[in-house]
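One file, data09.tsv, is given below (TSV, C-alpha atoms).
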chain	number	residue	atom	x	y	z
A	477	MET	CA	106.37	120.16	75.16
A	478	LYS	CA	107.16	118.19	72.01
A	479	ARG	CA	110.33	116.19	71.69
A	480	SER	CA	110.94	114.15	68.56
A	481	LYS	CA	113.96	112.12	67.54
A	482	GLN	CA	114.74	110.84	64.05
A	483	VAL	CA	116.21	107.59	65.30
A	484	PHE	CA	115.66	103.99	64.34
A	485	ILE	CA	115.09	101.85	67.44
A	486	HIS	CA	114.95	98.08	67.34
A	487	HIS	CA	111.50	96.80	68.36
A	488	LYS	CA	112.92	94.82	71.34
A	489	SER	CA	114.38	97.92	72.96
A	490	LEU	CA	110.95	99.60	72.91
A	491	TRP	CA	109.74	97.17	75.55
A	492	ALA	CA	112.80	97.89	77.67
A	493	THR	CA	112.45	101.70	77.59
A	494	ASN	CA	109.35	103.78	78.20
A	495	SER	CA	109.09	105.21	74.71
A	496	VAL	CA	106.47	105.15	71.98
A	497	PHE	CA	107.33	104.50	68.36
A	498	LEU	CA	105.14	106.85	66.30
A	499	GLY	CA	106.22	105.73	62.86
A	500	GLU	CA	108.79	107.17	60.37
A	501	GLY	CA	111.53	106.89	62.97
A	502	GLU	CA	109.85	109.33	65.38
A	503	VAL	CA	110.10	108.42	69.04
A	504	LYS	CA	108.31	110.13	71.93
A	505	MET	CA	109.20	109.50	75.55
A	506	LEU	CA	106.19	108.38	77.53
A	507	TYR	CA	107.26	109.15	81.07
A	508	GLU	CA	108.85	112.56	80.62
A	509	ILE	CA	108.84	115.67	82.79
A	510	GLY	CA	105.45	117.37	82.54
A	511	ARG	CA	103.46	114.28	81.51
A	512	ILE	CA	100.13	114.03	83.32
A	513	CYS	CA	99.40	110.55	84.68
A	514	VAL	CA	96.77	108.82	86.75
A	515	LYS	CA	98.00	106.85	89.73
A	516	LEU	CA	96.86	103.23	89.75
A	517	ALA	CA	98.03	101.89	93.11
A	518	GLY	CA	98.05	103.00	96.70
A	519	ARG	CA	95.68	105.24	98.62
A	520	ASP	CA	96.24	107.97	95.98
A	521	ALA	CA	94.85	105.67	93.27
A	522	GLY	CA	92.59	107.36	90.74
A	523	LYS	CA	94.14	110.79	91.31
A	524	LYS	CA	95.92	112.87	88.66
A	525	CYS	CA	99.60	113.68	89.00
A	526	VAL	CA	102.40	115.17	86.91
A	527	ILE	CA	105.94	113.86	86.49
A	528	VAL	CA	108.32	116.35	88.01
A	529	ASP	CA	111.60	114.43	87.67
A	530	VAL	CA	112.80	111.19	86.10
A	531	LEU	CA	115.04	109.29	88.53
A	532	ASP	CA	115.81	106.24	86.38
A	533	ASP	CA	114.12	103.73	84.06
A	534	VAL	CA	111.77	102.57	86.80
A	535	TYR	CA	111.15	105.48	89.21
A	536	VAL	CA	109.85	109.01	88.67
A	537	LEU	CA	109.04	111.86	91.06
A	538	ILE	CA	105.35	112.84	90.94
A	539	ASP	CA	103.30	115.69	92.37
A	540	GLY	CA	99.80	117.08	91.97
A	541	GLU	CA	96.64	115.72	93.57
A	542	THR	CA	98.83	112.95	94.99
A	543	ARG	CA	101.54	113.29	97.60
A	544	ARG	CA	104.93	114.50	96.37
A	545	ARG	CA	106.96	111.30	96.27
A	546	LYS	CA	108.75	108.83	93.97
A	547	CYS	CA	106.59	106.34	92.15
A	548	ASN	CA	107.14	103.22	90.07
A	549	VAL	CA	106.32	103.79	86.42
A	550	ALA	CA	104.26	100.57	86.42
A	551	HIS	CA	101.82	102.22	88.85
A	552	LEU	CA	101.06	105.13	86.50
A	553	GLU	CA	98.74	105.42	83.52
A	554	PRO	CA	100.02	108.28	81.30
A	555	LEU	CA	97.52	110.58	79.60
A	556	THR	CA	97.87	112.49	76.33
A	557	THR	CA	98.21	115.93	77.95
A	558	SER	CA	101.49	117.30	79.28
A	559	LEU	CA	102.34	120.47	81.17
A	560	PRO	CA	105.23	122.87	80.55
A	561	LEU	CA	107.14	122.25	83.76
A	562	LYS	CA	110.80	122.54	84.66
A	563	LYS	CA	112.74	119.78	86.36
A	564	ASN	CA	112.06	119.62	90.14
A	565	ALA	CA	109.30	122.20	89.93
A	566	SER	CA	107.86	123.24	93.29
A	567	HIS	CA	104.41	122.21	94.49
A	568	ASP	CA	103.09	125.76	93.96
A	569	ALA	CA	104.23	125.77	90.32
A	570	VAL	CA	102.50	122.41	89.78
A	571	VAL	CA	99.27	123.72	91.34
A	572	LYS	CA	99.38	126.77	89.01
A	573	GLU	CA	99.77	124.61	85.90
A	574	PHE	CA	96.91	122.34	86.98
A	575	ASP	CA	94.71	125.44	87.49
A	576	ALA	CA	95.28	126.34	83.85
A	577	ILE	CA	93.75	122.99	82.83
A	578	ASN	CA	90.82	123.48	85.25
A	579	ILE	CA	91.98	120.87	87.73
A	580	LYS	CA	91.83	122.31	91.23
A	581	ILE	CA	94.19	120.89	93.80
A	582	LEU	CA	92.92	121.38	97.32
A	583	SER	CA	95.54	122.00	99.95
A	584	SER	CA	94.75	120.56	103.34
A	585	THR	CA	96.06	122.31	106.42
A	586	PRO	CA	96.14	120.30	109.62
A	587	LYS	CA	93.75	121.45	112.33
A	588	LYS	CA	95.30	123.24	115.27
A	589	ALA	CA	94.86	121.44	118.56
A	590	THR	CA	92.41	123.39	120.69
A	591	ALA	CA	91.70	123.07	124.39
A	592	LYS	CA	89.01	120.59	125.39
A	593	PRO	CA	85.65	122.29	125.89
A	594	VAL	CA	84.75	122.36	129.60
A	595	ALA	CA	81.05	122.25	130.49
A	596	LYS	CA	80.02	125.48	132.19
A	597	ARG	CA	78.06	125.05	135.40
A	598	THR	CA	75.17	127.38	136.11
A	599	MET	CA	75.38	127.78	139.89
A	600	SER	CA	72.32	130.06	140.15
A	601	LYS	CA	69.95	127.37	138.82
A	602	GLN	CA	71.34	124.72	141.16
A	603	LYS	CA	70.84	126.96	144.20
A	604	LYS	CA	67.25	127.63	143.21
A	605	SER	CA	66.44	123.96	142.78
A	606	LYS	CA	68.01	123.09	146.17
A	607	SER	CA	65.91	125.72	148.02
A	608	LYS	CA	62.73	124.40	146.37
A	609	SER	CA	63.35	120.81	147.40
A	610	VAL	CA	64.01	121.82	151.03
A	611	SER	CA	60.74	123.75	151.27
A	612	LEU	CA	58.74	120.80	149.84
A	613	LYS	CA	60.23	118.40	152.39
A	614	LYS	CA	59.27	120.70	155.24
A	615	LYS	CA	55.69	120.87	154.03
A	616	SER	CA	55.36	117.10	153.75
A	617	THR	CA	56.68	116.54	157.32
A	618	GLU	CA	54.31	119.18	158.63
A	619	LYS	CA	51.38	117.41	156.94
A	620	ALA	CA	52.37	114.04	158.41
A	621	VAL	CA	52.57	115.53	161.93
A	622	LYS	CA	49.17	117.09	161.54
A	623	THR	CA	47.53	113.83	160.41
A	624	VAL	CA	49.06	111.87	163.29
A	625	GLN	CA	47.84	114.38	165.81
A	626	ALA	CA	44.37	114.16	164.31
B	558	MET	CA	71.24	65.39	124.92
B	559	PRO	CA	71.99	69.08	124.28
B	560	ARG	CA	69.00	71.38	124.29
B	561	GLY	CA	67.38	72.23	120.95
B	562	MET	CA	69.10	75.57	120.45
B	563	PHE	CA	72.54	73.92	120.63
B	564	ARG	CA	71.84	71.16	118.14
B	565	SER	CA	72.12	73.57	115.20
B	566	LYS	CA	75.14	73.12	112.90
B	567	THR	CA	75.54	76.89	112.62
B	568	LEU	CA	77.35	76.63	115.97
B	569	ARG	CA	80.90	75.37	116.25
B	570	ARG	CA	81.62	72.70	118.90
B	571	VAL	CA	84.78	73.66	120.82
B	572	THR	CA	86.43	71.52	123.48
B	573	LYS	CA	87.78	73.55	126.39
B	574	ARG	CA	90.02	72.57	129.30
B	575	VAL	CA	88.61	74.03	132.51
B	576	PRO	CA	90.63	74.84	135.70
B	577	GLY	CA	89.07	71.76	137.37
B	578	GLY	CA	91.03	69.56	134.94
B	579	THR	CA	88.07	68.30	132.91
B	580	THR	CA	87.43	68.95	129.24
B	581	VAL	CA	84.14	70.58	128.46
B	582	LYS	CA	82.18	71.13	125.25
B	583	ARG	CA	81.30	74.72	124.44
B	584	TYR	CA	79.42	76.30	121.52
B	585	GLU	CA	80.77	79.18	119.42
B	586	GLN	CA	79.42	81.20	116.51
B	587	ARG	CA	81.05	80.46	113.15
B	588	LYS	CA	83.13	83.22	111.56
B	589	PRO	CA	82.08	84.52	108.11
B	590	ARG	CA	83.98	83.43	104.98
B	591	VAL	CA	86.87	85.44	103.48
B	592	ALA	CA	85.75	88.31	101.24
B	593	HIS	CA	86.34	87.79	97.51
B	594	CYS	CA	86.95	90.20	94.63
B	595	ALA	CA	83.74	91.00	92.77
B	596	ILE	CA	85.45	90.68	89.35
B	597	THR	CA	88.27	88.15	89.62
B	598	GLY	CA	86.96	86.11	92.55
B	599	GLU	CA	90.32	86.17	94.35
B	600	PRO	CA	90.32	86.38	98.16
B	601	LEU	CA	90.75	89.99	99.29
B	602	HIS	CA	93.50	91.18	101.63
B	603	GLY	CA	93.12	93.63	104.48
B	604	ILE	CA	89.61	92.55	105.50
B	605	PRO	CA	89.41	90.79	108.87
B	606	ARG	CA	87.31	87.62	109.24
B	607	LYS	CA	85.22	88.60	112.23
B	608	LEU	CA	81.61	88.54	113.32
B	609	PRO	CA	79.66	91.68	112.34
B	610	SER	CA	79.40	92.66	116.01
B	611	ASP	CA	83.23	92.58	116.29
B	612	VAL	CA	83.79	94.38	112.97
B	613	ALA	CA	81.56	97.24	114.13
B	614	LYS	CA	83.97	97.84	117.02
B	615	LEU	CA	86.99	98.29	114.70
B	616	SER	CA	88.02	101.65	113.31
B	617	LYS	CA	87.17	102.40	109.65
B	618	THR	CA	90.78	101.97	108.50
B	619	LYS	CA	91.01	98.50	110.02
B	620	ARG	CA	87.95	97.16	108.19
B	621	ARG	CA	89.19	97.50	104.61
B	622	PRO	CA	92.12	98.85	102.56
B	623	GLN	CA	92.10	102.63	102.17
B	624	ARG	CA	92.00	102.92	98.38
B	625	PRO	CA	89.30	103.19	95.72
B	626	TYR	CA	87.23	99.99	95.54
B	627	GLY	CA	88.91	98.80	98.74
B	628	GLY	CA	86.94	95.92	100.18
B	629	VAL	CA	85.07	95.37	96.89
B	630	LEU	CA	87.77	94.72	94.28
B	631	GLY	CA	91.26	93.31	94.60
B	632	SER	CA	94.34	95.29	93.61
B	633	LYS	CA	94.54	93.77	90.09
B	634	ALA	CA	90.91	94.45	89.21
B	635	SER	CA	90.85	97.94	90.73
B	636	ARG	CA	93.95	98.96	88.73
B	637	GLN	CA	92.30	97.77	85.53
B	638	VAL	CA	89.08	99.64	86.31
B	639	ILE	CA	90.97	102.88	87.10
B	640	LYS	CA	92.94	102.50	83.82
B	641	GLU	CA	89.75	102.10	81.78
B	642	GLU	CA	88.12	105.08	83.52
B	643	ALA	CA	91.18	107.26	82.78
B	644	ARG	CA	91.19	106.21	79.11
B	645	GLU	CA	87.47	106.93	78.74
B	646	THR	CA	87.71	110.46	80.15
B	647	GLN	CA	90.53	111.38	77.70
Please express the file's structure as structure tokens.
Amino acid sequence: MKRSKQVFIHHKSLWATNSVFLGEGEVKMLYEIGRICVKLAGRDAGKKCVIVDVLDDVYVLIDGETRRRKCNVAHLEPLTTSLPLKKNASHDAVVKEFDAINIKILSSTPKKATAKPVAKRTMSKQKKSKSKSVSLKKKSTEKAVKTVQA
Amino acid sequence: MPRGMFRSKTLRRVTKRVPGGTTVKRYEQRKPRVAHCAITGEPLHGIPRKLPSDVAKLSKTKRRPQRPYGGVLGSKASRQVIKEEARETQ
């Protein structure tokens, strides 16, 4: 998406707005809808995102590998590529556009809570072991009686 | 005279008030120093100053900030590093 304006802008206003002066009166907006950026701050830092909506001079709405939320422009590093997106595009549309550039966005689904695994008891084995121990005890008492008698 | 193992300066001397009313000297292990950023040298936030045995009992999220280079670099330095990485890959 290319947007060019043949406008002369005083150099001081360039620092106030988020625009780039490309020479010969051409101005390109830096933080525009569709611009791919890298997030610098927060737990999403280092991840790629796309600007989905411009809220004002300071805040933009981002989506992509990061969570869909508003972000301060100072916490974004814009890249040269931009995607053809409409304003307030849905998350699915953003994922499609990222696929076209070979950036896969993994969607995480929360795990369903399952019942706690209960340890199964094997009653047959326990019964066998009990019978064995009883028989051994009997034998030992018999032996003791025999020795005493002797 | 305290016994040899308590004369070491690696132990902190702490005065304690006991239920009997007397004050008693006790010995405590010294806590480690505050972690510093590997690039700027600024003290890092979000990292508790505890003995390794106490840190091992904390959950992973309570040991360091949950972001790239958390616990190694401060926020300023990590932002700069991420910026440079993004510009290199372009």
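Counting from atom CA of B:Arg570, the distance to atom CA of B:Lys588 is 12.9 Å.
One distance worth recording is that between atom CA of A:Asn578 and atom CA of A:Gly510, which is 16.1 Å.
Checking B:Thr618, B:Glu585, B:His602, B:Arg624 one by one against B:Thr572, counting only C-alpha atoms, you find the shortest gap at B:Glu585.
You will find atom CA of A:Gly522 at 7.3 Å from atom CA of B:Pro625.
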Determine, counting all atoms listed in the file, which protein, DNA and RNA residues have an atom within 10 Å of an atom of A:Pro554; residues of the same chain fewer than 3 positions away are not included. Present the result as number ranges by chain.
-> A: 506-508, 511-515, 524-527, 549, 551, 557-558; B: 640, 643-644
Distance-based interface of chain A with chain B, 8 Å, counting all atoms listed in the file, as a VMD selection string | chain A and resid 514 516 to 522 553 555 to 556
Extract, using all atoms listed in the file, all DNA, RNA and protein residues at most 7 Å from stretch 590-597 of chain B, discarding same-chain residues fewer than 3 positions from it, and format them as a ChimeraX atom specification.
-> /B:600-601,606,629-631,634
Near A:Arg545, counting only C-alpha atoms, which residues have an atom at most 12 Å away, once you skip same-chain residues fewer than 4 positions from it, shown as a JSON list (two decimals) with C-alpha atoms, keeping the file's coordinate frame?
[["chain", "number", "residue", "atom", "x", "y", "z"],
["A", 515, "LYS", "CA", 98.00, 106.85, 89.73],
["A", 520, "ASP", "CA", 96.24, 107.97, 95.98],
["A", 525, "CYS", "CA", 99.60, 113.68, 89.00],
["A", 526, "VAL", "CA", 102.40, 115.17, 86.91],
["A", 527, "ILE", "CA", 105.94, 113.86, 86.49],
["A", 528, "VAL", "CA", 108.32, 116.35, 88.01],
["A", 529, "ASP", "CA", 111.60, 114.43, 87.67],
["A", 530, "VAL", "CA", 112.80, 111.19, 86.10],
["A", 531, "LEU", "CA", 115.04, 109.29, 88.53],
["A", 535, "TYR", "CA", 111.15, 105.48, 89.21],
["A", 536, "VAL", "CA", 109.85, 109.01, 88.67],
["A", 537, "LEU", "CA", 109.04, 111.86, 91.06],
["A", 538, "ILE", "CA", 105.35, 112.84, 90.94],
["A", 539, "ASP", "CA", 103.30, 115.69, 92.37],
["A", 540, "GLY", "CA", 99.80, 117.08, 91.97],
["A", 541, "GLU", "CA", 96.64, 115.72, 93.57],
["A", 564, "ASN", "CA", 112.06, 119.62, 90.14],
["A", 567, "HIS", "CA", 104.41, 122.21, 94.49]]
Shell around B:Leu568 at 7 Å using all atoms listed in the file, local window under 3 positions removed, as an MDAnalysis selection string | chainID B and resid 565 584:587
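When the distance limit is 12 Å and all atoms listed in the file are what count, the residues near A:Lys572, minus those fewer than 3 positions from it on the same chain, are Gly540, Leu559, Pro560, Leu561, Ala565, Ser566, His567, Asp568, Ala569, Asp575, Ala576, Ile577, Asn578, Ile579, Lys580, Ile581 and Leu582 of chain A.
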Since the input is missing atoms for stretch 595-618 of chain B, could you rebuild it with N, CA, C and O atoms and give the result as an mmCIF file, in the coordinates of the input?
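The file below, rebuild.cif, is the result:
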data_model
loop_
_atom_site.group_PDB
_atom_site.id
_atom_site.type_symbol
_atom_site.label_atom_id
_atom_site.label_comp_id
_atom_site.auth_asym_id
_atom_site.auth_seq_id
_atom_site.Cartn_x
_atom_site.Cartn_y
_atom_site.Cartn_z
ATOM 1 N N ALA B 595 84.987 91.101 93.517
ATOM 2 C CA ALA B 595 83.740 91.000 92.770
ATOM 3 C C ALA B 595 83.959 90.661 91.297
ATOM 4 O O ALA B 595 83.055 90.176 90.629
ATOM 5 N N ILE B 596 85.184 90.921 90.777
ATOM 6 C CA ILE B 596 85.450 90.680 89.350
ATOM 7 C C ILE B 596 86.264 89.400 89.171
ATOM 8 O O ILE B 596 85.874 88.493 88.447
ATOM 9 N N THR B 597 87.388 89.296 89.857
ATOM 10 C CA THR B 597 88.270 88.150 89.620
ATOM 11 C C THR B 597 87.937 86.959 90.504
ATOM 12 O O THR B 597 88.279 85.828 90.174
ATOM 13 N N GLY B 598 87.281 87.205 91.642
ATOM 14 C CA GLY B 598 86.960 86.110 92.550
ATOM 15 C C GLY B 598 88.087 85.732 93.482
ATOM 16 O O GLY B 598 87.958 84.780 94.263
ATOM 17 N N GLU B 599 89.192 86.477 93.460
ATOM 18 C CA GLU B 599 90.320 86.170 94.350
ATOM 19 C C GLU B 599 89.997 86.616 95.767
ATOM 20 O O GLU B 599 89.267 87.576 95.964
ATOM 21 N N PRO B 600 90.545 85.924 96.780
ATOM 22 C CA PRO B 600 90.320 86.380 98.160
ATOM 23 C C PRO B 600 90.985 87.733 98.387
ATOM 24 O O PRO B 600 92.106 87.973 97.946
ATOM 25 N N LEU B 601 90.273 88.625 99.068
ATOM 26 C CA LEU B 601 90.750 89.990 99.290
ATOM 27 C C LEU B 601 91.634 90.047 100.530
ATOM 28 O O LEU B 601 91.433 89.312 101.499
ATOM 29 N N HIS B 602 92.606 90.966 100.482
ATOM 30 C CA HIS B 602 93.500 91.180 101.630
ATOM 31 C C HIS B 602 93.062 92.409 102.394
ATOM 32 O O HIS B 602 92.445 93.321 101.839
ATOM 33 N N GLY B 603 93.383 92.449 103.665
ATOM 34 C CA GLY B 603 93.120 93.630 104.480
ATOM 35 C C GLY B 603 91.731 93.686 105.073
ATOM 36 O O GLY B 603 91.348 94.712 105.626
ATOM 37 N N ILE B 604 90.968 92.581 104.944
ATOM 38 C CA ILE B 604 89.610 92.550 105.500
ATOM 39 C C ILE B 604 89.568 91.451 106.551
ATOM 40 O O ILE B 604 89.739 90.273 106.226
ATOM 41 N N PRO B 605 89.365 91.813 107.819
ATOM 42 C CA PRO B 605 89.410 90.790 108.870
ATOM 43 C C PRO B 605 88.178 89.889 108.832
ATOM 44 O O PRO B 605 87.073 90.312 108.496
ATOM 45 N N ARG B 606 88.392 88.622 109.186
ATOM 46 C CA ARG B 606 87.310 87.620 109.240
ATOM 47 C C ARG B 606 86.761 87.623 110.653
ATOM 48 O O ARG B 606 87.241 86.899 111.515
ATOM 49 N N LYS B 607 85.773 88.495 110.875
ATOM 50 C CA LYS B 607 85.220 88.600 112.230
ATOM 51 C C LYS B 607 83.708 88.694 112.135
ATOM 52 O O LYS B 607 83.154 89.060 111.101
ATOM 53 N N LEU B 608 83.057 88.413 113.269
ATOM 54 C CA LEU B 608 81.610 88.540 113.320
ATOM 55 C C LEU B 608 81.210 90.005 113.144
ATOM 56 O O LEU B 608 81.962 90.897 113.527
ATOM 57 N N PRO B 609 80.064 90.276 112.564
ATOM 58 C CA PRO B 609 79.660 91.680 112.340
ATOM 59 C C PRO B 609 79.697 92.527 113.621
ATOM 60 O O PRO B 609 80.046 93.701 113.578
ATOM 61 N N SER B 610 79.375 91.893 114.752
ATOM 62 C CA SER B 610 79.400 92.660 116.010
ATOM 63 C C SER B 610 80.824 93.069 116.372
ATOM 64 O O SER B 610 81.036 94.130 116.961
ATOM 65 N N ASP B 611 81.824 92.236 116.004
ATOM 66 C CA ASP B 611 83.230 92.580 116.290
ATOM 67 C C ASP B 611 83.772 93.559 115.275
ATOM 68 O O ASP B 611 84.603 94.405 115.592
ATOM 69 N N VAL B 612 83.320 93.457 114.018
ATOM 70 C CA VAL B 612 83.790 94.380 112.970
ATOM 71 C C VAL B 612 83.318 95.797 113.266
ATOM 72 O O VAL B 612 84.033 96.762 113.032
ATOM 73 N N ALA B 613 82.103 95.912 113.828
ATOM 74 C CA ALA B 613 81.560 97.240 114.130
ATOM 75 C C ALA B 613 82.403 97.971 115.162
ATOM 76 O O ALA B 613 82.403 99.203 115.204
ATOM 77 N N LYS B 614 83.143 97.209 115.983
ATOM 78 C CA LYS B 614 83.970 97.840 117.020
ATOM 79 C C LYS B 614 85.305 98.324 116.483
ATOM 80 O O LYS B 614 86.000 99.090 117.133
ATOM 81 N N LEU B 615 85.711 97.871 115.282
ATOM 82 C CA LEU B 615 86.990 98.290 114.700
ATOM 83 C C LEU B 615 86.873 99.686 114.116
ATOM 84 O O LEU B 615 85.785 100.130 113.764
ATOM 85 N N SER B 616 88.033 100.345 113.965
ATOM 86 C CA SER B 616 88.020 101.650 113.310
ATOM 87 C C SER B 616 87.860 101.433 111.801
ATOM 88 O O SER B 616 88.117 100.353 111.283
ATOM 89 N N LYS B 617 87.453 102.523 111.098
ATOM 90 C CA LYS B 617 87.170 102.400 109.650
ATOM 91 C C LYS B 617 88.378 101.897 108.878
ATOM 92 O O LYS B 617 88.252 101.125 107.938
ATOM 93 N N THR B 618 89.583 102.340 109.266
ATOM 94 C CA THR B 618 90.780 101.970 108.500
ATOM 95 C C THR B 618 91.139 100.516 108.692
ATOM 96 O O THR B 618 91.853 99.938 107.874
#
